[in-house]
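A.B. asks: My file is structure-v6.cif. It has mmCIF, C-alpha atoms:
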data_start
loop_
_atom_site.label_atom_id
_atom_site.label_comp_id
_atom_site.auth_asym_id
_atom_site.auth_seq_id
_atom_site.Cartn_x
_atom_site.Cartn_y
_atom_site.Cartn_z
CA MET A 1442 86.40 185.95 28.91
CA PRO A 1443 89.15 185.01 26.43
CA ASN A 1444 91.70 187.63 25.41
CA GLU A 1445 90.70 186.96 21.80
CA ILE A 1446 87.46 188.84 22.44
CA LEU A 1447 89.17 191.84 24.04
CA ARG A 1448 91.68 192.03 21.18
CA HIS A 1449 89.33 191.05 18.36
CA PRO A 1450 90.17 193.13 15.27
CA ARG A 1451 86.60 193.21 13.95
CA LEU A 1452 84.59 193.75 17.14
CA SER A 1453 83.86 197.32 18.16
CA SER A 1454 84.06 198.44 21.78
CA ASP A 1455 80.25 198.30 21.98
CA ALA A 1456 80.22 194.70 20.73
CA VAL A 1457 82.89 193.68 23.24
CA ARG A 1458 81.04 195.48 26.05
CA LEU A 1459 77.71 193.88 25.11
CA LEU A 1460 79.25 190.41 24.94
CA ALA A 1461 81.10 190.87 28.23
CA TRP A 1462 77.95 191.99 30.05
CA GLN A 1463 75.92 189.10 28.67
CA LEU A 1464 78.53 186.51 29.57
CA SER A 1465 78.74 187.91 33.10
CA LEU A 1466 75.07 187.23 33.85
CA PRO A 1467 74.18 184.41 36.27
CA ASP A 1468 73.61 180.96 34.80
CA ASP A 1469 69.87 181.17 35.36
CA ALA A 1470 69.45 184.60 33.73
CA LYS A 1471 67.06 184.90 30.78
CA ASP A 1472 67.77 188.50 29.78
CA PRO A 1473 67.72 189.13 26.02
CA LEU A 1474 70.56 191.12 24.51
CA SER A 1475 68.34 194.19 24.05
CA LYS A 1476 67.81 194.43 27.81
CA THR A 1477 71.51 193.92 28.48
CA ALA A 1478 72.34 196.69 26.00
CA ARG A 1479 70.08 199.13 27.86
CA GLN A 1480 71.69 198.21 31.16
CA ALA A 1481 75.15 198.65 29.63
CA GLY A 1482 74.24 202.10 28.30
CA ILE A 1483 74.42 201.07 24.64
CA GLY A 1484 71.99 202.99 22.42
CA LYS A 1485 69.68 201.39 19.88
CA CYS A 1486 71.76 202.12 16.77
CA ALA A 1487 74.99 201.10 18.49
CA PHE A 1488 73.26 197.96 19.77
CA ASN A 1489 72.14 196.94 16.29
CA ARG A 1490 75.67 197.40 14.95
CA ALA A 1491 77.20 195.49 17.86
CA LYS A 1492 74.68 192.68 17.51
CA GLY A 1493 75.46 192.38 13.79
CA GLU A 1494 79.18 192.17 14.53
CA LEU A 1495 78.67 189.42 17.12
CA LYS A 1496 76.54 187.46 14.65
CA ARG A 1497 79.08 187.76 11.84
CA GLU A 1498 81.93 186.63 14.08
CA GLY A 1499 80.01 183.64 15.48
CA TYR A 1500 79.57 184.80 19.08
CA LEU A 1501 75.80 185.21 18.71
CA HIS A 1502 73.28 182.89 17.07
CA GLU A 1503 69.52 183.43 16.97
CA TRP A 1504 66.54 181.31 16.03
CA ARG A 1505 62.87 182.13 15.63
CA GLN A 1506 60.39 179.72 17.19
CA GLN A 1507 56.65 179.61 17.64
CA GLY A 1508 55.29 178.95 21.10
CA VAL A 1509 52.25 176.98 22.17
CA ARG A 1510 50.02 180.08 21.98
CA GLY A 1511 51.14 180.93 18.48
CA LEU A 1512 53.45 183.77 19.54
CA TRP A 1513 56.84 184.04 17.87
CA SER A 1514 59.90 184.44 20.06
CA THR A 1515 63.64 184.77 19.54
CA VAL A 1516 66.03 182.29 21.14
CA GLN A 1517 69.55 183.67 21.55
CA LEU A 1518 72.75 181.70 22.11
CA VAL A 1519 75.79 183.72 23.21
CA SER A 1520 79.20 182.07 23.58
CA ASN A 1521 82.69 183.13 24.62
CA ALA A 1522 84.17 181.35 21.59
CA PRO A 1523 83.06 181.71 17.95
CA LEU A 1524 80.72 178.92 16.84
CA LYS A 1525 79.75 177.72 13.39
CA PRO A 1526 75.98 177.48 12.75
CA GLU A 1527 75.99 173.69 13.09
CA GLN A 1528 77.92 173.91 16.38
CA ALA A 1529 75.46 176.45 17.75
CA LEU A 1530 72.52 174.26 16.75
CA ALA A 1531 74.11 171.27 18.47
CA LEU A 1532 74.52 173.26 21.68
CA ARG A 1533 70.97 174.55 21.46
CA ASP A 1534 69.69 170.98 21.11
CA GLY A 1535 71.91 169.67 23.92
CA ALA A 1536 74.42 167.79 21.76
CA PRO A 1537 78.23 168.21 21.85
CA ALA A 1538 79.34 170.99 19.53
CA GLY A 1539 82.70 169.47 18.65
CA GLY A 1540 85.80 171.34 17.61
CA ASN A 1541 88.73 172.58 19.63
CA PRO A 1542 88.45 175.53 22.03
CA ALA A 1543 90.05 178.79 20.97
CA ALA A 1544 93.51 179.58 22.33
CA GLY A 1545 93.30 181.36 25.63
CA GLU A 1546 89.75 180.20 26.25
CA PRO A 1547 88.99 179.54 29.93
CA THR A 1548 88.30 175.95 30.92
CA GLY A 1549 84.89 176.78 32.39
CA ARG A 1550 81.61 176.76 30.51
CA THR A 1551 81.88 177.82 26.89
CA VAL A 1552 78.29 178.85 26.30
CA GLY A 1553 77.09 182.05 27.90
CA ARG A 1554 73.48 183.10 27.68
CA HIS A 1555 70.69 181.10 26.08
CA PRO A 1556 67.63 183.23 26.92
CA GLU A 1557 64.32 181.82 25.77
CA LYS A 1558 62.02 184.75 26.63
CA PRO A 1559 60.07 186.16 23.68
CA VAL A 1560 61.63 189.33 22.31
CA LEU A 1561 58.26 190.75 21.34
CA GLU A 1562 59.61 194.00 19.96
CA ASN A 1563 61.19 192.07 17.10
CA ILE A 1564 58.01 190.30 15.99
CA PRO A 1565 56.29 193.10 14.00
CA HIS A 1566 59.43 193.56 11.90
CA HIS A 1567 60.10 189.90 11.25
CA PRO A 1568 58.53 188.66 7.99
CA GLU A 1569 58.55 184.97 8.87
CA ALA A 1570 55.88 185.66 11.47
CA LEU A 1571 53.50 185.45 8.51
CA LEU A 1572 54.32 181.77 8.22
CA GLU A 1573 52.13 181.34 11.30
CA ALA A 1574 49.12 181.69 9.01
CA GLU A 1575 49.94 178.38 7.29
CA ALA A 1576 47.60 175.49 8.07
CA PRO A 1577 48.45 173.91 11.44
CA GLU A 1578 47.99 170.41 10.01
CA ALA A 1579 50.84 170.91 7.51
CA PRO A 1580 53.24 167.93 7.30
CA ALA A 1581 56.15 167.86 9.69
CA VAL A 1582 58.63 168.37 6.85
CA MET A 1583 56.85 171.58 5.81
CA GLU A 1584 57.06 172.86 9.38
CA ALA A 1585 60.76 171.99 9.39
CA GLY A 1586 61.10 173.91 6.12
CA ARG A 1587 59.45 176.98 7.65
CA GLN A 1588 61.75 176.82 10.67
CA LEU A 1589 64.77 176.45 8.39
CA ILE A 1590 63.82 179.56 6.44
CA SER A 1591 63.36 181.45 9.72
CA THR A 1592 66.91 180.61 10.80
CA ILE A 1593 68.31 181.43 7.35
CA LEU A 1594 66.69 184.88 7.40
CA ASP A 1595 68.40 185.50 10.74
CA LEU A 1596 71.83 184.75 9.30
CA GLU A 1597 72.27 188.04 7.52
CA PRO A 1598 70.49 191.43 7.73
CA ARG A 1599 70.69 191.75 3.93
CA LEU A 1600 68.38 188.75 3.50
CA ARG A 1601 65.17 190.77 3.65
CA VAL A 1602 62.63 189.15 1.34
CA PRO A 1603 59.09 190.13 0.28
CA ARG A 1604 56.45 188.62 2.53
CA GLY A 1605 54.68 186.87 -0.32
CA ILE A 1606 57.73 184.73 -1.12
CA LEU A 1607 57.96 183.10 2.33
CA PRO A 1608 55.62 180.12 1.59
CA GLN A 1609 57.55 179.42 -1.64
CA LEU A 1610 60.88 179.50 0.18
CA ALA A 1611 59.50 177.22 2.90
CA ALA A 1612 58.41 174.73 0.23
CA LEU A 1613 61.84 174.84 -1.41
CA ALA A 1614 63.54 174.33 1.95
CA SER A 1615 61.26 171.38 2.64
CA ALA A 1616 62.28 169.83 -0.67
CA TRP A 1617 65.93 170.08 0.33
CA LEU A 1618 65.20 168.42 3.65
CA GLU A 1619 63.21 165.66 1.96
CA ALA A 1620 66.18 165.06 -0.33
CA GLY A 1621 68.29 164.23 2.72
CA HIS A 1622 70.09 167.52 3.35
CA THR A 1623 70.45 168.67 6.95
CA PRO A 1624 69.32 172.13 8.12
CA GLY A 1625 72.91 172.96 9.05
CA GLY A 1626 74.10 171.94 5.59
CA VAL A 1627 71.50 174.14 3.88
CA ARG A 1628 72.40 177.11 6.07
CA ALA A 1629 76.11 176.62 5.40
CA HIS A 1630 75.41 176.49 1.65
CA VAL A 1631 73.49 179.76 1.82
CA GLN A 1632 76.31 181.40 3.80
CA ARG A 1633 78.89 180.26 1.25
CA SER A 1634 76.74 181.75 -1.52
CA LEU A 1635 76.48 185.22 0.02
CA PRO A 1636 78.52 188.06 -1.50
CA GLY A 1637 81.12 189.92 0.52
CA PRO A 1638 79.97 191.66 3.72
CA LYS A 1639 80.15 195.11 2.13
CA GLN A 1640 78.34 194.16 -1.08
CA PRO A 1641 74.57 194.77 -1.29
CA ILE A 1642 72.13 191.98 -2.08
CA HIS A 1643 69.67 193.48 -4.54
CA ARG A 1644 67.45 190.40 -4.92
CA PRO A 1645 67.64 188.34 -1.72
CA GLY A 1646 64.58 186.32 -2.71
CA GLY A 1647 66.19 185.24 -5.97
CA LEU A 1648 69.45 184.44 -4.20
CA LEU A 1649 67.67 182.22 -1.67
CA ARG A 1650 65.68 180.47 -4.40
#
Go ahead and render the structure in this file as structure tokens.
C.D. replies:
Amino acid sequence: MPNEILRHPRLSSDAVRLLAWQLSLPDDAKDPLSKTARQAGIGKCAFNRAKGELKREGYLHEWRQQGVRGLWSTVQLVSNAPLKPEQALALRDGAPAGGNPAAGEPTGRTVGRHPEKPVLENIPHHPEALLEAEAPEAPAVMEAGRQLISTILDLEPRLRVPRGILPQLAALASAWLEAGHTPGGVRAHVQRSLPGPKQPIHRPGGLLR
């Protein structure tokens, strides 16, 4: 584990502990972060704070995906170096992430855990699960739009939108994709448009529109 993690000025001790435990798991482990937190003795509130810190600093990326039986699951990518959203997506899809390794980073594998087990406890609280009700014969670009909105909602806890707006946001995201924009480009644009980390977002639906 790089010294940059141990000395990180914005990661709490719980975040560092959670990341260290996850990175220490065997290569074939599929444990989600919530299970690792319980094993590490990190309580629920502390876990949520630590998880948010790891997301903000680029050590944790999450995506929502729908399985063959219609169940929604969370895919988590944990790394020992901070990754931009497009780099994390490239690693998830098996492509080179690019960029130079952080100073002090070990020469071994950069990516830690990539568990693909469904984190079912998150599903009832995740609004994009309602997108499952859309017609299964929807065009591929609409499905890509729904997936894009799912990943955007995972970028920032303040992006909590009313359930009824999800189909509209999916349609808008599909229009951006049809216009030639990449999912990573749309996500990066949303991130650049967010207010400071300590500022509230009073109308996340309007901001995303």
A.B. asks: Since I can't run it myself right now, could you work out what the PyMOL selection byres ((chain A and resi 1638) around 12) selects here and report it as a PDB file with C-alpha atoms, in the frame of the given file?
C.D. replies:
ATOM      1  CA  GLY A1493      75.460 192.380  13.790  1.00  0.00           C
ATOM      2  CA  GLU A1494      79.180 192.170  14.530  1.00  0.00           C
ATOM      3  CA  ARG A1497      79.080 187.760  11.840  1.00  0.00           C
ATOM      4  CA  GLU A1498      81.930 186.630  14.080  1.00  0.00           C
ATOM      5  CA  GLU A1597      72.270 188.040   7.520  1.00  0.00           C
ATOM      6  CA  PRO A1598      70.490 191.430   7.730  1.00  0.00           C
ATOM      7  CA  ARG A1599      70.690 191.750   3.930  1.00  0.00           C
ATOM      8  CA  LEU A1600      68.380 188.750   3.500  1.00  0.00           C
ATOM      9  CA  GLN A1632      76.310 181.400   3.800  1.00  0.00           C
ATOM     10  CA  ARG A1633      78.890 180.260   1.250  1.00  0.00           C
ATOM     11  CA  SER A1634      76.740 181.750  -1.520  1.00  0.00           C
ATOM     12  CA  LEU A1635      76.480 185.220   0.020  1.00  0.00           C
ATOM     13  CA  PRO A1636      78.520 188.060  -1.500  1.00  0.00           C
ATOM     14  CA  GLY A1637      81.120 189.920   0.520  1.00  0.00           C
ATOM     15  CA  LYS A1639      80.150 195.110   2.130  1.00  0.00           C
ATOM     16  CA  GLN A1640      78.340 194.160  -1.080  1.00  0.00           C
ATOM     17  CA  PRO A1641      74.570 194.770  -1.290  1.00  0.00           C
ATOM     18  CA  ILE A1642      72.130 191.980  -2.080  1.00  0.00           C
TER      19      ILE A1642
END
A.B. asks: Considering all atoms listed in the file, can you say which of A:Gln1480, A:Gln1588, A:Asn1489, A:Gln1517 comes closest to Ala1612 of chain A?
C.D. replies: A:Gln1588
A.B. asks: For Ser1454 of chain A, list every protein, DNA or RNA residue within 12 Å, evaluated using all atoms listed in the file, and leave out those in the same chain fewer than 3 positions away; present the list as an mmCIF file with C-alpha atoms, in the coordinates of the input.
C.D. replies:
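Okay, this is what ended up in part.cif:
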data_model
loop_
_atom_site.group_PDB
_atom_site.id
_atom_site.type_symbol
_atom_site.label_atom_id
_atom_site.label_comp_id
_atom_site.auth_asym_id
_atom_site.auth_seq_id
_atom_site.Cartn_x
_atom_site.Cartn_y
_atom_site.Cartn_z
ATOM 1 C CA ILE A 1446 87.460 188.840 22.440
ATOM 2 C CA LEU A 1447 89.170 191.840 24.040
ATOM 3 C CA ARG A 1448 91.680 192.030 21.180
ATOM 4 C CA HIS A 1449 89.330 191.050 18.360
ATOM 5 C CA PRO A 1450 90.170 193.130 15.270
ATOM 6 C CA ARG A 1451 86.600 193.210 13.950
ATOM 7 C CA VAL A 1457 82.890 193.680 23.240
ATOM 8 C CA ARG A 1458 81.040 195.480 26.050
ATOM 9 C CA LEU A 1459 77.710 193.880 25.110
ATOM 10 C CA LEU A 1460 79.250 190.410 24.940
ATOM 11 C CA ALA A 1461 81.100 190.870 28.230
ATOM 12 C CA ALA A 1481 75.150 198.650 29.630
ATOM 13 C CA ILE A 1483 74.420 201.070 24.640
ATOM 14 C CA ALA A 1487 74.990 201.100 18.490
ATOM 15 C CA PHE A 1488 73.260 197.960 19.770
ATOM 16 C CA ARG A 1490 75.670 197.400 14.950
ATOM 17 C CA ALA A 1491 77.200 195.490 17.860
ATOM 18 C CA LYS A 1492 74.680 192.680 17.510
ATOM 19 C CA GLU A 1494 79.180 192.170 14.530
ATOM 20 C CA LEU A 1495 78.670 189.420 17.120
#
A.B. asks: Using all atoms listed in the file, collect all residues at a distance of at most 6 Å from (63.3, 172.0, 7.2) as written in the file, then present them as a PyMOL selection string.
C.D. replies: chain A and resi 1582+1585-1586+1589+1614-1615+1618
A.B. asks: For the atom pair atom CA of Leu1530 of chain A and atom CA of Arg1587 of chain A, what is the interatomic distance in Å to one decimal place?
C.D. replies: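 Here the two named atoms are 16.2 Å from each other.
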A.B. asks: Counting all atoms listed in the file, figure out which residue out of A:Thr1592, A:Gln1528, A:Asn1521, A:Gln1609 gets nearest to Trp1462 of chain A.
C.D. replies: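 Counting all atoms listed in the file, the residue closest to Trp1462 of chain A is A:Asn1521.
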A.B. asks: Between atom CA of Ala1529 of chain A and atom CA of Pro1467 of chain A, what is the spacing in Å?
C.D. replies: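 Atom CA of Ala1529 of chain A lies 20.2 Å from atom CA of Pro1467 of chain A.
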A.B. asks: Just want the 8 Å neighbourhood of Pro1526 of chain A, counted on all atoms listed in the file, with same-chain residues fewer than 3 positions away dropped. Output as a PDB file with C-alpha atoms, in the coordinates of the input.
C.D. replies:
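Saved file out_30.pdb follows:
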ATOM      1  CA  GLY A1499      80.010 183.640  15.480  1.00  0.00           C
ATOM      2  CA  HIS A1502      73.280 182.890  17.070  1.00  0.00           C
ATOM      3  CA  ALA A1529      75.460 176.450  17.750  1.00  0.00           C
ATOM      4  CA  LEU A1530      72.520 174.260  16.750  1.00  0.00           C
ATOM      5  CA  GLY A1625      72.910 172.960   9.050  1.00  0.00           C
ATOM      6  CA  ARG A1628      72.400 177.110   6.070  1.00  0.00           C
ATOM      7  CA  ALA A1629      76.110 176.620   5.400  1.00  0.00           C
TER       8      ALA A1629
END
A.B. asks: Kindly resolve the PyMOL selection byres ((chain A and resi 1476) around 12) on the present coordinates and return the residues as a ChimeraX atom specification.
C.D. replies: /A:1459,1462-1463,1466,1470-1475,1477-1485,1488,1556,1558,1560,1562
A.B. asks: So what do you get for atom CA of Gly1508 of chain A versus atom CA of Ala1522 of chain A, distance-wise?
C.D. replies: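 Straight-line distance from atom CA of Gly1508 of chain A to atom CA of Ala1522 of chain A works out to 29.0 Å.
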